[in-house]
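Colleague: What follows is the file run-v7.cif, containing mmCIF, C-alpha atoms:
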data_target
#
loop_
_atom_site.label_atom_id
_atom_site.label_comp_id
_atom_site.auth_asym_id
_atom_site.auth_seq_id
_atom_site.Cartn_x
_atom_site.Cartn_y
_atom_site.Cartn_z
CA MET A 159 114.09 45.64 50.77
CA GLU A 160 110.93 44.64 52.59
CA ARG A 161 107.75 43.80 50.69
CA PRO A 162 104.51 45.49 51.73
CA ASN A 163 102.05 43.14 53.48
CA THR A 164 98.84 45.08 53.27
CA GLN A 165 97.10 47.27 50.78
CA GLU A 166 97.74 50.31 52.94
CA ASP A 167 101.50 49.61 52.83
CA THR A 168 101.69 49.70 49.03
CA PRO A 169 102.40 52.95 47.21
CA GLY A 170 99.15 54.57 46.15
CA GLY A 171 97.13 52.15 48.30
CA ARG A 172 96.83 49.60 45.45
CA SER A 173 97.00 45.87 46.05
CA PRO A 174 99.89 44.01 44.38
CA PHE A 175 97.43 41.25 43.46
CA THR A 176 95.02 41.10 40.56
CA GLU A 177 91.51 39.90 41.28
CA VAL A 178 90.57 37.01 39.00
CA VAL A 179 87.19 37.33 37.35
CA THR A 180 85.45 34.07 36.54
CA ARG A 181 84.72 33.40 32.94
CA ARG A 182 81.49 31.92 31.68
CA THR A 183 81.60 28.21 32.20
CA ARG A 184 80.25 25.40 30.14
CA ASN A 185 77.81 24.60 32.95
CA ARG A 186 76.05 27.91 32.43
CA ARG A 187 75.54 27.10 28.77
CA ILE A 188 74.14 23.70 29.69
CA GLN A 189 71.80 25.23 32.27
CA GLN A 190 70.65 27.78 29.72
CA ALA A 191 69.99 25.03 27.17
CA LYS A 192 67.96 23.09 29.74
CA ARG A 193 65.81 26.15 30.40
CA GLU A 194 65.08 26.43 26.69
CA THR A 195 64.12 22.74 26.31
CA VAL A 196 60.41 22.12 25.81
CA ILE A 197 58.69 18.77 26.13
CA GLY A 198 55.23 18.65 24.60
CA THR A 199 52.06 17.69 26.44
CA LYS A 200 49.44 17.92 23.68
CA GLU A 201 47.74 14.68 22.64
CA ASP A 202 47.88 14.31 18.86
CA GLY A 203 47.09 11.09 17.02
CA GLU A 204 49.25 11.88 13.99
CA LEU A 205 52.53 12.92 15.64
CA GLN A 206 53.82 11.00 18.66
CA ALA A 207 57.04 10.80 20.65
CA GLY A 208 59.19 7.70 20.33
CA GLU A 209 59.90 5.36 23.22
CA ARG A 210 62.90 6.25 25.37
CA MET A 211 65.90 3.97 24.80
CA ALA A 212 68.84 3.03 27.01
CA TRP A 213 72.22 2.40 25.34
CA LEU A 214 75.02 0.20 26.65
CA PHE A 215 78.56 -0.55 25.59
CA VAL A 216 79.05 -4.31 25.97
CA GLY A 217 82.64 -5.42 25.53
CA ARG A 218 85.27 -8.06 26.26
CA LEU A 219 83.23 -10.68 24.42
CA LYS A 220 84.78 -13.67 22.62
CA SER A 221 85.67 -13.14 18.98
CA THR A 222 83.03 -15.71 17.97
CA THR A 223 80.19 -13.63 19.49
CA THR A 224 77.70 -12.22 16.97
CA ALA A 225 75.03 -9.55 17.27
CA GLU A 226 72.40 -12.29 17.04
CA THR A 227 74.03 -14.23 19.92
CA LEU A 228 73.93 -11.14 22.14
CA LYS A 229 70.35 -10.36 21.12
CA ASN A 230 69.30 -13.92 22.04
CA TYR A 231 71.08 -13.66 25.41
CA LEU A 232 69.23 -10.43 26.22
CA GLY A 233 65.88 -11.99 25.22
CA LYS A 234 66.44 -15.05 27.44
CA ASN A 235 67.22 -12.75 30.38
CA GLY A 236 64.09 -10.61 30.17
CA ILE A 237 65.09 -7.79 27.81
CA ASP A 238 62.18 -7.94 25.39
CA GLY A 239 60.75 -5.59 22.80
CA ASP A 240 62.80 -3.63 20.29
CA VAL A 241 66.50 -4.43 20.86
CA ASP A 242 69.18 -2.86 18.65
CA VAL A 243 72.64 -4.49 18.63
CA GLU A 244 75.47 -3.07 16.52
CA GLU A 245 79.08 -4.30 16.47
CA ILE A 246 81.80 -1.76 17.25
CA GLN A 247 85.23 -2.09 15.65
CA THR A 248 87.89 -3.03 18.22
CA ARG A 249 91.65 -3.43 17.98
CA GLY A 250 92.09 -6.55 20.07
CA ARG A 251 90.85 -10.10 19.80
CA THR A 252 87.64 -9.42 21.70
CA LYS A 253 84.43 -7.97 20.32
CA ALA A 254 82.29 -5.06 21.52
CA PHE A 255 78.72 -3.99 20.76
CA ARG A 256 76.48 -0.97 21.17
CA VAL A 257 73.18 -2.24 22.55
CA GLY A 258 69.91 -0.28 22.66
CA PHE A 259 66.69 -1.36 24.39
CA ARG A 260 63.68 0.09 26.23
CA PHE A 261 64.72 2.37 29.08
CA SER A 262 62.53 0.43 31.53
CA HIS A 263 65.01 -2.50 31.35
CA LEU A 264 68.09 -0.46 32.27
CA GLU A 265 68.02 -1.31 35.97
CA LYS A 266 68.17 -5.07 35.21
CA THR A 267 71.26 -4.70 33.04
CA GLU A 268 73.15 -2.55 35.57
CA SER A 269 73.50 -5.55 37.91
CA ALA A 270 76.73 -7.58 37.72
CA ASP A 271 74.65 -10.76 38.10
CA PHE A 272 72.97 -10.09 34.77
CA TRP A 273 76.19 -10.44 32.73
CA PRO A 274 78.53 -13.43 32.33
CA LYS A 275 81.83 -13.30 34.21
CA GLY A 276 84.39 -10.97 32.58
CA VAL A 277 81.95 -9.14 30.28
CA LEU A 278 82.18 -5.35 30.49
CA ALA A 279 78.88 -3.44 30.36
CA LEU A 280 78.50 0.32 30.87
CA ARG A 281 76.36 3.23 29.69
CA PHE A 282 77.08 4.23 26.10
CA LEU A 283 77.49 8.00 25.79
CA PHE A 284 77.27 9.24 22.25
CA GLY A 285 79.91 11.74 21.13
CA GLY A 286 79.13 15.11 19.64
CA HIS A 287 79.88 16.37 16.14
CA GLY A 288 83.25 15.32 14.81
CA THR A 289 83.91 12.74 17.53
CA ARG A 290 83.69 9.01 17.39
CA SER A 291 80.90 7.42 19.37
CA PHE A 292 82.56 5.48 22.14
CA PRO A 293 82.18 5.27 25.89
CA ARG A 294 83.66 8.43 27.41
CA ARG A 295 83.69 7.18 30.94
CA ILE A 296 84.75 3.70 32.00
CA ARG A 297 84.09 2.36 35.47
CA ASN A 298 86.45 -0.09 37.13
CA ALA A 299 85.91 -3.22 35.06
CA TYR A 300 87.23 -5.50 37.81
CA GLU A 301 84.49 -4.73 40.37
#
Let me see the structure of the file written as structure tokens.
Modeller:
Amino acid sequence: MERPNTQEDTPGGRSPFTEVVTRRTRNRRIQQAKRETVIGTKEDGELQAGERMAWLFVGRLKSTTTAETLKNYLGKNGIDGDVDVEEIQTRGRTKAFRVGFRFSHLEKTESADFWPKGVLALRFLFGGHGTRSFPRRIRNAYE
């Protein structure tokens, strides 16, 4: 028995295929949320916005490294101002830290020349509700 090739060849003129209708995607929800976001412009002495921070995951550090050691290293290399360094629990022998500093310094820290050989540094992306905060995306660490 031969299969019909066109819609006209099928009984009743109906196509044997079902047209797939796209569902709402996550991107639409994100776009909608962006449209609803409001950033204030009014000058008010009592209530002010905080300074924008950049967050990095810094890993593959020796087990003897402390938060204070990392903070001192950043200070010596031009990352001044309010620097927040918090140790992250790891399973191996190396240590890792979540590091926060002024957003204006981010470009300096994205250079491989800024970090000692073998140290892994990438943007820290915070997880949502019910997830652990950990980098979600890891670049090739051997670049």
Colleague: Which residues are near Gly236 (chain A)? Cut-off 12 Å, all atoms listed in the file, ignore same chain within fewer than 4 positions. Put them as a ChimeraX atom specification.
Modeller: /A:229-232,241,259-260,262-267,272
Colleague: So how many Å separate CA of Arg218 (chain A) and CA of Gly276 (chain A), to one decimal?
Modeller: 7.0 Å
Colleague: Grab the CA of Ala225 (chain A) to CA of Glu244 (chain A) distance for me, in Å with one decimal place.
Modeller: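 Separating CA of Ala225 (chain A) from CA of Glu244 (chain A) is a distance of 6.5 Å.
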Colleague: Quick check, in Å to one decimal: how far apart do CA of Met211 (chain A) and CA of Phe261 (chain A) lie?
Modeller: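 Atom-to-atom, CA of Met211 (chain A) to CA of Phe261 (chain A), that is 4.7 Å.
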Colleague: Write out as a list in words the residues lying within 12 Å of Ser269 (chain A), counting all atoms listed in the file and excluding same-chain residues fewer than 5 positions away.
Modeller: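 That gives His263, Leu264, Pro274, Lys275, Val277, Leu278, Ala279, Leu280 and Glu301 of chain A.
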Colleague: What residues come out when you apply the PyMOL selection byres ((chain A and resi 246-255) around 12) to this file, written as a ChimeraX atom specification?
Modeller: /A:213-229,242-245,256-258,276-282,290-293
